Amino acid sequence: MMNQQNGLTIAGLTFGSRFLFGTGRFPSPAELRESLAESGAEIVTFAVRRVNLEHTEDDSVLQHLEGKKLTYLPNTSGARVAEEAVRIARLAREAGLGNWIKVEISGSPVTLLPDPIETLKATEQLAKEGFVVLPYTSDDPILCKRLEEAGAAAVMPGGSPIGTGLGLLNPYHLSLIIEEANVPIIVDAGIGSPKDAAEAMELGAAGILANTPVAKAGNPVRMAKAFALAIEAGRIAYEAGRIPRKRYASASSDEAGSLFAAGPT
Amino acid sequence: MSKRVDWEKIRLYVITAQDAHPGKSVTDVMEQTLIGGAGMLQLRNKTGSRSEVLEQARALRVLTRRYGVPFIVNDYPDIALEVDADGVHLGQDDMSIKEARALLGDDKMIGISTHCAEHAIEAEREGADYIGVGPVFPTNTKPGKAAVTTAYVAEAASLVSIPFVAIGGITTDNADAVISAGAKRLCAVSAIVGSEDPAAVCRELLYKLTAADRAEESSNANAIANERETSGHKAEENVTLSLNGSSYQTRSATLDCLLAELGQRDKRLVAEVDGEIVPRSRWQETTLADGLRIELIQFVGGG
C-alpha cells in the first residue's frame, strides 16, 4: 500500500516538512520558538535590517533559532529594485547564513505586490552568482515559467497580497502554474487559515510559506500545529487523487436492491 | 585622451585565456569576472582563426555593453572597428601606435604592453591611452619572457601620467606586493579565468586594491593630523563617519574598536564599509577615516 509521503526537494536538499515558516510579528520570542517546534518546519525565513544602535542587547531573530537544524531563507523585503535585492542577498551570504535567498521586491507600498520585472532581474542575477533563489512573485503562469527559466530553485506565487489572509484569489492560475512547473511551486503570502493551505496543497503546491496567519492567531502555537496538519492532509489528498467534479448527484450506494425501487411485476 | 572611459572605475582588467578553462565558454567565464567586478575586458586569442576571434569579439562586445565595461581587442584593429570595441591592445612587436591610431581614429583607446622605462615613456609620447606594465612575475601566458619584477611597477608609477596596469603572473597571493609597489590597477589572466570561481578571485583582488586605498587615505589623514599637532594646532582626533545613515563621531581607530564601542561586536551582524562587505576577520585591520559610510546589518523576524 502506498502511504509513504515524498519529501520536498529544493536544490538537492530534501525536507520532511512542506511548511516554510515566517518568523515575523510573533507576540514573543518564546511563542516564536514553540510555534516553530509545533509547525515541524525545517526552512525559516526572516528579513535583513539595519542594526538598531539604540539597543545593545541582541534583538536579532537568529539567537532564537540557534541550536536547531534549520535551513535559512533570508528574504529581500524592503528592496524596491533588483540591485537592492542583490545587495541584501550578498549581505546574508556574507553573514554565513548559506546561499538561499527569497527574492521579495515590492512594487507598491499599498498592496506590497511584487514587481515582476525587478523580481525576474534579481532572480537571474542571483542564480548566476550561485544563490539558491526562491522568488516571491505574482500568480502569473508565464512569469512563473520565466522565473524558472532564469534559474529559480523554486517559485513562490502569492495566493493574495501579504498579510491579507484572503486565501487563494486565483486557484485557476495557481493550478496552471503547478501544471507547467519543473521546479517546486510554493504558495507564499495571503494564506488566512489552514483551509487555504490545504486548498493550495490539494492543487498540487509543493509547499506553503506562511507567517502572519500563525503569528497573529489567537494562539500561535496551536495554529502552527493546525497548519502543519492541514499542509500534510492537503499533500496526502493531492497524492491520493481527488474525485472529478460533477454537475449532478451520484449516489454513494448502488440503486439495485433498493427497498423502494420498482421491482419486476 | 581616454575616450568615454572612466579610469577611476577601472581597477581590475581581465584578459581572456580560453585554454585556461577547458569545457567552459569564454563568454560564461568572462561574465563571471564582470560579476566579480572586473572593470575592463580584453579579448586575447593568438591561436584562433580570424572568424573565431570575430565571433568571440561580437559576443564579448554584447556582454561588456550589458555591464557598462570597456572592451579591448588584442591585435586586431579591424575587428575592434567591426564590433565597435573601445580599443585595441598592442605588443611591442605589433604595429606602431601611430599606425593603429591612423586606422582607429581618435575615439578608440590604444593600449600597449611595456617591459621597461623606455617603452613606457615612448608609449605615452606616441599617444597610448594606457600601458601594460609587466610581466611582473614569470607567467605561463607569455612563457620565456623575463619578469620585470615590482621594481618596474614602482618606476612606471613615477614615470608616466597615463594609466598603467600591472600584469603578469599576478595572483591573490602576490597582489599585495604589486600594490605596495604603486600599482592602482591590476590585470590578471590565468589566476582569474583559470580558477573554479573567477568572480571570487576578482572580488578578492578588488578588495586588496580598495583596502590599500583606505590605508593610504587614513595615513594621509594621520599625516595631516600629525602636522597640525606639531604645528601647534589642537589635534583633531575624532573621526566623523556615516553610521547606518546618521553622522557619528568616534575616537575608535578600527572597525573592530567601533563595534566594541557600540556594544555590537559579539552580535551576528554584517558590516559594510563604503558599500563593500568587510568580513569579521578583517575588522581589526580596517582603519576608520572621515567620511566612511558604515552600515551594520542584522536579521529580524519576517515572512
# chains A, B, ... in the order shown; residues from 1 in each chain; ligands from 1

call {"tool": "interface_residues", "arguments": {"of": "chain A", "to": "chain B", "cutoff": "8 Å", "atoms": "only C-alpha atoms", "output": "MDAnalysis selection string"}}
result
chainID A and resid 21:25 45:51 53 56 58:62 75 91:92 94:95 129 209:212

call {"tool": "write_last_selection", "arguments": {"atoms": "N, CA, C and O atoms", "output": "compact mmCIF listing (two decimals), in the first residue's frame"}}
result
# COMPACT_ATOMS: atom_id res chain seq x y z
N PHE A 21 8.46 28.53 7.20
CA PHE A 21 7.97 29.25 8.37
C PHE A 21 8.50 30.69 8.41
O PHE A 21 9.71 30.92 8.42
N GLY A 22 7.56 31.64 8.43
CA GLY A 22 7.94 33.05 8.58
C GLY A 22 8.05 33.41 10.05
O GLY A 22 7.26 32.95 10.87
N THR A 23 9.04 34.23 10.39
CA THR A 23 9.36 34.46 11.81
C THR A 23 8.94 35.84 12.33
O THR A 23 9.26 36.19 13.46
N GLY A 24 8.22 36.62 11.51
CA GLY A 24 7.89 37.99 11.93
C GLY A 24 6.64 38.08 12.79
O GLY A 24 5.78 37.21 12.76
N ARG A 25 6.56 39.14 13.57
CA ARG A 25 5.34 39.56 14.27
C ARG A 25 4.80 38.57 15.29
O ARG A 25 3.60 38.57 15.59
N THR A 45 12.24 31.72 7.30
CA THR A 45 12.60 32.95 6.61
C THR A 45 12.59 34.12 7.58
O THR A 45 11.94 34.08 8.62
N PHE A 46 13.39 35.12 7.23
CA PHE A 46 13.48 36.33 8.06
C PHE A 46 14.00 37.46 7.19
O PHE A 46 14.34 37.24 6.02
N ALA A 47 14.04 38.67 7.76
CA ALA A 47 14.39 39.84 6.97
C ALA A 47 15.75 40.39 7.38
O ALA A 47 16.28 40.05 8.45
N VAL A 48 16.31 41.24 6.53
CA VAL A 48 17.62 41.86 6.77
C VAL A 48 17.39 43.34 7.05
O VAL A 48 16.76 44.02 6.25
N ARG A 49 17.84 43.83 8.18
CA ARG A 49 17.62 45.23 8.54
C ARG A 49 18.88 45.83 9.16
O ARG A 49 19.74 45.10 9.64
N ARG A 50 18.92 47.18 9.20
CA ARG A 50 20.00 47.85 9.92
C ARG A 50 19.92 47.51 11.41
O ARG A 50 18.83 47.41 11.97
N VAL A 51 21.07 47.37 12.02
CA VAL A 51 21.13 47.16 13.47
C VAL A 51 20.55 48.38 14.16
O VAL A 51 20.80 49.52 13.76
N LEU A 53 20.91 50.80 16.75
CA LEU A 53 22.06 51.19 17.57
C LEU A 53 21.66 51.74 18.93
O LEU A 53 22.50 51.98 19.79
N THR A 56 21.70 47.76 22.74
CA THR A 56 22.89 46.92 22.61
C THR A 56 22.55 45.45 22.79
O THR A 56 23.32 44.60 22.40
N ASP A 58 20.96 41.85 22.07
CA ASP A 58 20.82 41.19 20.77
C ASP A 58 19.34 41.03 20.43
O ASP A 58 18.65 40.22 21.03
N ASP A 59 18.86 41.83 19.47
CA ASP A 59 17.46 41.68 19.07
C ASP A 59 17.36 40.95 17.74
O ASP A 59 16.35 40.99 17.06
N SER A 60 18.44 40.28 17.36
CA SER A 60 18.42 39.53 16.10
C SER A 60 17.59 38.26 16.28
O SER A 60 17.60 37.64 17.34
N VAL A 61 16.87 37.90 15.25
CA VAL A 61 16.00 36.73 15.34
C VAL A 61 16.82 35.44 15.44
O VAL A 61 16.37 34.44 15.99
N LEU A 62 18.06 35.50 14.96
CA LEU A 62 18.84 34.26 14.87
C LEU A 62 19.14 33.64 16.24
O LEU A 62 19.24 32.43 16.36
N ASN A 75 15.06 36.85 3.43
CA ASN A 75 14.32 37.48 2.32
C ASN A 75 14.85 38.88 2.06
O ASN A 75 15.58 39.46 2.86
N LEU A 91 24.78 40.29 1.43
CA LEU A 91 25.00 40.53 2.85
C LEU A 91 24.66 39.28 3.65
O LEU A 91 25.41 38.88 4.55
N ALA A 92 23.54 38.66 3.31
CA ALA A 92 23.12 37.48 4.07
C ALA A 92 24.12 36.35 3.88
O ALA A 92 24.46 35.65 4.84
N GLU A 94 27.26 36.69 3.23
CA GLU A 94 28.48 37.05 3.96
C GLU A 94 28.34 36.74 5.45
O GLU A 94 29.32 36.42 6.11
N ALA A 95 27.12 36.84 5.96
CA ALA A 95 26.91 36.58 7.38
C ALA A 95 27.01 35.10 7.70
O ALA A 95 26.88 34.72 8.86
N GLU A 129 25.02 34.07 -9.66
CA GLU A 129 26.03 34.20 -8.61
C GLU A 129 26.05 32.99 -7.68
O GLU A 129 26.74 33.00 -6.67
N LEU A 209 4.41 28.81 2.31
CA LEU A 209 5.14 29.72 3.19
C LEU A 209 4.11 30.61 3.87
O LEU A 209 3.31 31.28 3.21
N ALA A 210 4.09 30.59 5.20
CA ALA A 210 3.12 31.41 5.92
C ALA A 210 3.78 32.02 7.15
O ALA A 210 4.69 31.43 7.74
N ASN A 211 3.34 33.20 7.50
CA ASN A 211 3.86 33.89 8.67
C ASN A 211 2.71 34.51 9.47
O ASN A 211 2.34 34.03 10.55
N THR A 212 2.08 35.55 8.92
CA THR A 212 1.05 36.29 9.67
C THR A 212 -0.08 35.40 10.22
O THR A 212 -0.45 35.57 11.38

call {"tool": "residues_around", "arguments": {"residues": "Ala197 of chain A", "least_positions_apart": "6", "cutoff": "8 Å", "atoms": "only C-alpha atoms", "output": "PyMOL selection string"}}
result
chain A and resi 191+208+227+230-231+234

call {"tool": "residues_around", "arguments": {"residues": "Ala289 of chain B", "least_positions_apart": "3", "cutoff": "8 Å", "atoms": "only C-alpha atoms", "output": "PyMOL selection string"}}
result
chain B and resi 214+217-218+221+239-241+292

call {"tool": "select_by_dssp", "arguments": {"residues": "segment 22-186 of chain A", "states": "helix (DSSP H, G or I)", "output": "number ranges by chain"}}
result
A: 29-39, 61-64, 82-94, 116-128, 141-149, 171-180

call {"tool": "closest_residue", "arguments": {"among": "A:Gly257, A:Pro194, A:Pro114, A:Pro157", "to": "Met223 of chain A", "atoms": "only C-alpha atoms"}}
result
A:Pro194

call {"tool": "atom_distance", "arguments": {"atom1": "atom CA of Ile43 of chain A", "atom2": "atom CA of Arg222 of chain A"}}
result
19.1 Å

call {"tool": "closest_residue", "arguments": {"among": "A:Gly7, A:Ser17, A:Glu148, A:Ala127", "to": "Leu229 of chain A", "atoms": "only C-alpha atoms"}}
result
A:Ser17

call {"tool": "residues_around", "arguments": {"residues": "Ala38 of chain B", "least_positions_apart": "3", "cutoff": "9 Å", "atoms": "only C-alpha atoms", "output": "JSON list (two decimals) with N, CA and C atoms, in the first residue's frame"}}
result
[["chain", "number", "residue", "atom", "x", "y", "z"],
["B", 10, "ILE", "N", 38.05, 51.67, -13.20],
["B", 10, "ILE", "CA", 38.76, 50.50, -13.70],
["B", 10, "ILE", "C", 39.93, 50.18, -12.79],
["B", 11, "ARG", "N", 39.77, 49.16, -11.99],
["B", 11, "ARG", "CA", 40.84, 48.74, -11.10],
["B", 11, "ARG", "C", 41.35, 47.37, -11.51],
["B", 12, "LEU", "N", 40.45, 46.60, -12.09],
["B", 12, "LEU", "CA", 40.80, 45.23, -12.43],
["B", 12, "LEU", "C", 40.50, 44.99, -13.90],
["B", 13, "TYR", "N", 41.53, 44.60, -14.63],
["B", 13, "TYR", "CA", 41.46, 44.40, -16.08],
["B", 13, "TYR", "C", 41.64, 42.90, -16.29],
["B", 14, "VAL", "N", 40.72, 42.28, -16.99],
["B", 14, "VAL", "CA", 40.80, 40.83, -17.16],
["B", 14, "VAL", "C", 40.91, 40.48, -18.64],
["B", 30, "MET", "N", 33.93, 35.02, -18.76],
["B", 30, "MET", "CA", 34.12, 36.46, -18.68],
["B", 30, "MET", "C", 32.95, 37.13, -17.95],
["B", 32, "GLN", "N", 31.44, 35.87, -15.48],
["B", 32, "GLN", "CA", 31.75, 35.68, -14.06],
["B", 32, "GLN", "C", 32.72, 36.77, -13.56],
["B", 33, "THR", "N", 33.67, 37.13, -14.41],
["B", 33, "THR", "CA", 34.63, 38.15, -13.97],
["B", 33, "THR", "C", 33.92, 39.50, -13.83],
["B", 34, "LEU", "N", 32.94, 39.75, -14.71],
["B", 34, "LEU", "CA", 32.20, 41.01, -14.61],
["B", 34, "LEU", "C", 31.36, 41.02, -13.35],
["B", 35, "ILE", "N", 30.77, 39.87, -13.03],
["B", 35, "ILE", "CA", 30.00, 39.77, -11.79],
["B", 35, "ILE", "C", 30.92, 40.04, -10.61],
["B", 41, "LEU", "N", 37.64, 44.49, -20.01],
["B", 41, "LEU", "CA", 37.96, 43.16, -20.53],
["B", 41, "LEU", "C", 38.76, 43.28, -21.82],
["B", 69, "VAL", "N", 31.07, 48.13, -19.32],
["B", 69, "VAL", "CA", 32.51, 47.99, -19.09],
["B", 69, "VAL", "C", 33.23, 48.09, -20.44],
["B", 199, "ALA", "N", 34.67, 34.92, -10.26],
["B", 199, "ALA", "CA", 34.10, 36.09, -9.59],
["B", 199, "ALA", "C", 34.72, 36.29, -8.21],
["B", 202, "CYS", "N", 38.17, 37.77, -8.51],
["B", 202, "CYS", "CA", 38.07, 39.21, -8.81],
["B", 202, "CYS", "C", 37.76, 40.00, -7.55],
["B", 203, "ARG", "N", 36.78, 39.52, -6.80],
["B", 203, "ARG", "CA", 36.40, 40.23, -5.57],
["B", 203, "ARG", "C", 37.59, 40.35, -4.61],
["B", 206, "LEU", "N", 40.03, 42.93, -5.93],
["B", 206, "LEU", "CA", 39.49, 44.28, -5.76],
["B", 206, "LEU", "C", 39.52, 44.69, -4.30]]

call {"tool": "atom_distance", "arguments": {"atom1": "atom CA of Glu104 of chain A", "atom2": "atom CA of Thr119 of chain A"}}
result
7.1 Å

call {"tool": "residues_around", "arguments": {"residues": "segment 85-93 of chain B", "least_positions_apart": "3", "cutoff": "6 Å", "atoms": "only C-alpha atoms", "output": "list of chain:residue names"}}
result
B:Pro70, B:Phe71, B:Ile72, B:Val73, B:Asn74, B:Asp75, B:Ala80, B:Lys108, B:Met109, B:Ile110, B:Gly111, B:Ile112, B:Ser113

call {"tool": "write_last_selection", "arguments": {"atoms": "N, CA, C and O atoms", "output": "CSV table (one decimal), in the first residue's frame"}}
result
chain,number,residue,atom,x,y,z
B,70,PRO,N,34.4,48.8,-20.5
B,70,PRO,CA,35.1,48.9,-21.8
B,70,PRO,C,35.6,47.5,-22.2
B,70,PRO,O,36.0,46.7,-21.4
B,71,PHE,N,35.7,47.4,-23.6
B,71,PHE,CA,36.1,46.2,-24.2
B,71,PHE,C,37.2,46.4,-25.2
B,71,PHE,O,37.1,47.3,-26.1
B,72,ILE,N,38.3,45.7,-25.0
B,72,ILE,CA,39.5,45.9,-25.9
B,72,ILE,C,39.8,44.6,-26.6
B,72,ILE,O,39.7,43.5,-26.1
B,73,VAL,N,40.3,44.8,-27.9
B,73,VAL,CA,40.6,43.6,-28.6
B,73,VAL,C,42.2,43.6,-28.8
B,73,VAL,O,42.7,44.6,-29.1
B,74,ASN,N,42.8,42.4,-28.6
B,74,ASN,CA,44.2,42.3,-28.7
B,74,ASN,C,44.5,42.1,-30.2
B,74,ASN,O,44.0,41.2,-30.8
B,75,ASP,N,45.4,42.9,-30.7
B,75,ASP,CA,46.0,42.7,-32.1
B,75,ASP,C,45.1,43.1,-33.3
B,75,ASP,O,45.7,43.4,-34.3
B,80,ALA,N,38.3,45.2,-34.0
B,80,ALA,CA,37.9,46.2,-33.0
B,80,ALA,C,36.9,47.2,-33.6
B,80,ALA,O,35.9,47.6,-33.0
B,108,LYS,N,39.0,55.7,-30.3
B,108,LYS,CA,39.3,54.4,-29.7
B,108,LYS,C,40.5,54.5,-28.8
B,108,LYS,O,41.4,55.3,-29.1
B,109,MET,N,40.6,53.6,-27.9
B,109,MET,CA,41.7,53.5,-27.0
B,109,MET,C,42.8,52.7,-27.6
B,109,MET,O,42.5,51.7,-28.3
B,110,ILE,N,44.0,53.0,-27.3
B,110,ILE,CA,45.1,52.1,-27.7
B,110,ILE,C,46.0,51.9,-26.5
B,110,ILE,O,46.4,52.8,-25.8
B,111,GLY,N,46.2,50.6,-26.2
B,111,GLY,CA,47.0,50.3,-25.1
B,111,GLY,C,48.2,49.5,-25.6
B,111,GLY,O,48.1,48.9,-26.6
B,112,ILE,N,49.3,49.5,-24.8
B,112,ILE,CA,50.4,48.7,-25.3
B,112,ILE,C,51.2,48.1,-24.1
B,112,ILE,O,51.3,48.7,-23.1
B,113,SER,N,51.7,46.9,-24.4
B,113,SER,CA,52.5,46.2,-23.3
B,113,SER,C,53.9,46.9,-23.3
B,113,SER,O,54.5,47.1,-24.3

call {"tool": "atom_distance", "arguments": {"atom1": "atom CA of Val136 of chain B", "atom2": "atom CA of His119 of chain B"}}
result
14.9 Å

call {"tool": "residues_around", "arguments": {"residues": "Val148 of chain B", "least_positions_apart": "2", "cutoff": "8 Å", "atoms": "only C-alpha atoms", "output": "VMD selection string"}}
result
chain B and resid 115 to 116 134 to 137 146 150 to 152

call {"tool": "select_by_dssp", "arguments": {"residues": "segment 107-242 of chain A", "states": "strand (DSSP E)", "output": "number ranges by chain"}}
result
A: 132-137, 156-157, 186-188, 207-210

call {"tool": "residues_around", "arguments": {"residues": "segment 238-241 of chain A", "least_positions_apart": "4", "cutoff": "7 Å", "atoms": "only C-alpha atoms", "output": "MDAnalysis selection string"}}
result
chainID A and resid 201:204 234

call {"tool": "closest_residue", "arguments": {"among": "A:Leu259, A:Leu174, A:Leu134, A:Ala189", "to": "Leu73 of chain A", "atoms": "only C-alpha atoms"}}
result
A:Leu134

call {"tool": "decode", "arguments": {"residues": "segment 220-232 of chain A", "atoms": "all heavy atoms", "output": "mmCIF file, in the first residue's frame"}}
result
data_model
loop_
_atom_site.group_PDB
_atom_site.id
_atom_site.type_symbol
_atom_site.label_atom_id
_atom_site.label_comp_id
_atom_site.auth_asym_id
_atom_site.auth_seq_id
_atom_site.Cartn_x
_atom_site.Cartn_y
_atom_site.Cartn_z
ATOM 1 N N PRO A 220 -0.882 31.339 18.621
ATOM 2 C CA PRO A 220 0.041 30.999 17.531
ATOM 3 C C PRO A 220 0.539 29.552 17.580
ATOM 4 O O PRO A 220 0.696 28.918 16.536
ATOM 5 C CB PRO A 220 1.206 31.973 17.733
ATOM 6 C CG PRO A 220 0.649 33.099 18.521
ATOM 7 C CD PRO A 220 -0.428 32.517 19.383
ATOM 8 N N VAL A 221 0.777 29.055 18.781
ATOM 9 C CA VAL A 221 1.360 27.715 18.898
ATOM 10 C C VAL A 221 0.375 26.665 18.381
ATOM 11 O O VAL A 221 0.732 25.772 17.601
ATOM 12 C CB VAL A 221 1.774 27.440 20.357
ATOM 13 C CG1 VAL A 221 2.392 26.053 20.487
ATOM 14 C CG2 VAL A 221 2.767 28.512 20.828
ATOM 15 N N ARG A 222 -0.911 26.805 18.786
ATOM 16 C CA ARG A 222 -1.935 25.859 18.311
ATOM 17 C C ARG A 222 -2.126 26.008 16.801
ATOM 18 O O ARG A 222 -2.309 25.032 16.087
ATOM 19 C CB ARG A 222 -3.283 26.098 19.021
ATOM 20 C CG ARG A 222 -3.261 25.885 20.525
ATOM 21 C CD ARG A 222 -3.016 24.437 20.900
ATOM 22 N NE ARG A 222 -4.153 23.573 20.563
ATOM 23 C CZ ARG A 222 -4.049 22.262 20.337
ATOM 24 N NH1 ARG A 222 -2.868 21.680 20.402
ATOM 25 N NH2 ARG A 222 -5.111 21.548 20.060
ATOM 26 N N MET A 223 -2.091 27.243 16.346
ATOM 27 C CA MET A 223 -2.311 27.481 14.922
ATOM 28 C C MET A 223 -1.173 26.890 14.093
ATOM 29 O O MET A 223 -1.394 26.383 12.991
ATOM 30 C CB MET A 223 -2.465 28.983 14.648
ATOM 31 C CG MET A 223 -2.962 29.310 13.259
ATOM 32 S SD MET A 223 -4.539 28.510 12.850
ATOM 33 C CE MET A 223 -5.708 29.787 13.309
ATOM 34 N N ALA A 224 0.042 26.944 14.619
ATOM 35 C CA ALA A 224 1.180 26.355 13.906
ATOM 36 C C ALA A 224 0.941 24.870 13.695
ATOM 37 O O ALA A 224 1.186 24.317 12.622
ATOM 38 C CB ALA A 224 2.470 26.588 14.690
ATOM 39 N N LYS A 225 0.414 24.231 14.736
ATOM 40 C CA LYS A 225 0.112 22.792 14.663
ATOM 41 C C LYS A 225 -0.973 22.546 13.613
ATOM 42 O O LYS A 225 -0.879 21.615 12.793
ATOM 43 C CB LYS A 225 -0.362 22.319 16.046
ATOM 44 C CG LYS A 225 -0.757 20.871 16.110
ATOM 45 C CD LYS A 225 0.474 19.998 16.120
ATOM 46 C CE LYS A 225 0.105 18.524 16.144
ATOM 47 N NZ LYS A 225 1.312 17.699 15.928
ATOM 48 N N ALA A 226 -2.030 23.405 13.633
ATOM 49 C CA ALA A 226 -3.142 23.251 12.687
ATOM 50 C C ALA A 226 -2.635 23.368 11.244
ATOM 51 O O ALA A 226 -3.044 22.601 10.363
ATOM 52 C CB ALA A 226 -4.215 24.294 12.966
ATOM 53 N N PHE A 227 -1.734 24.311 11.019
ATOM 54 C CA PHE A 227 -1.179 24.456 9.666
ATOM 55 C C PHE A 227 -0.384 23.212 9.262
ATOM 56 O O PHE A 227 -0.481 22.740 8.131
ATOM 57 C CB PHE A 227 -0.279 25.695 9.583
ATOM 58 C CG PHE A 227 -1.000 26.908 9.074
ATOM 59 C CD1 PHE A 227 -1.551 27.835 9.938
ATOM 60 C CD2 PHE A 227 -1.163 27.101 7.707
ATOM 61 C CE1 PHE A 227 -2.233 28.951 9.458
ATOM 62 C CE2 PHE A 227 -1.844 28.207 7.216
ATOM 63 C CZ PHE A 227 -2.383 29.135 8.084
ATOM 64 N N ALA A 228 0.404 22.711 10.195
ATOM 65 C CA ALA A 228 1.214 21.530 9.881
ATOM 66 C C ALA A 228 0.308 20.384 9.437
ATOM 67 O O ALA A 228 0.572 19.702 8.438
ATOM 68 C CB ALA A 228 2.045 21.131 11.091
ATOM 69 N N LEU A 229 -0.805 20.197 10.163
ATOM 70 C CA LEU A 229 -1.733 19.108 9.832
ATOM 71 C C LEU A 229 -2.411 19.359 8.490
ATOM 72 O O LEU A 229 -2.579 18.443 7.675
ATOM 73 C CB LEU A 229 -2.786 18.961 10.945
ATOM 74 C CG LEU A 229 -2.252 18.483 12.293
ATOM 75 C CD1 LEU A 229 -3.319 18.619 13.384
ATOM 76 C CD2 LEU A 229 -1.767 17.035 12.196
ATOM 77 N N ALA A 230 -2.839 20.599 8.257
ATOM 78 C CA ALA A 230 -3.554 20.928 7.017
ATOM 79 C C ALA A 230 -2.650 20.733 5.804
ATOM 80 O O ALA A 230 -3.080 20.223 4.766
ATOM 81 C CB ALA A 230 -4.057 22.369 7.073
ATOM 82 N N ILE A 231 -1.389 21.141 5.957
ATOM 83 C CA ILE A 231 -0.449 21.020 4.834
ATOM 84 C C ILE A 231 -0.217 19.541 4.531
ATOM 85 O O ILE A 231 -0.219 19.113 3.378
ATOM 86 C CB ILE A 231 0.864 21.769 5.155
ATOM 87 C CG1 ILE A 231 0.589 23.282 5.159
ATOM 88 C CG2 ILE A 231 1.958 21.412 4.162
ATOM 89 C CD1 ILE A 231 1.699 24.130 5.744
ATOM 90 N N GLU A 232 -0.085 18.757 5.586
ATOM 91 C CA GLU A 232 0.127 17.326 5.391
ATOM 92 C C GLU A 232 -1.117 16.692 4.765
ATOM 93 O O GLU A 232 -1.027 15.906 3.811
ATOM 94 C CB GLU A 232 0.460 16.672 6.733
ATOM 95 C CG GLU A 232 1.032 15.286 6.550
ATOM 96 C CD GLU A 232 1.388 14.611 7.869
ATOM 97 O OE1 GLU A 232 1.489 15.319 8.905
ATOM 98 O OE2 GLU A 232 1.557 13.375 7.850
#
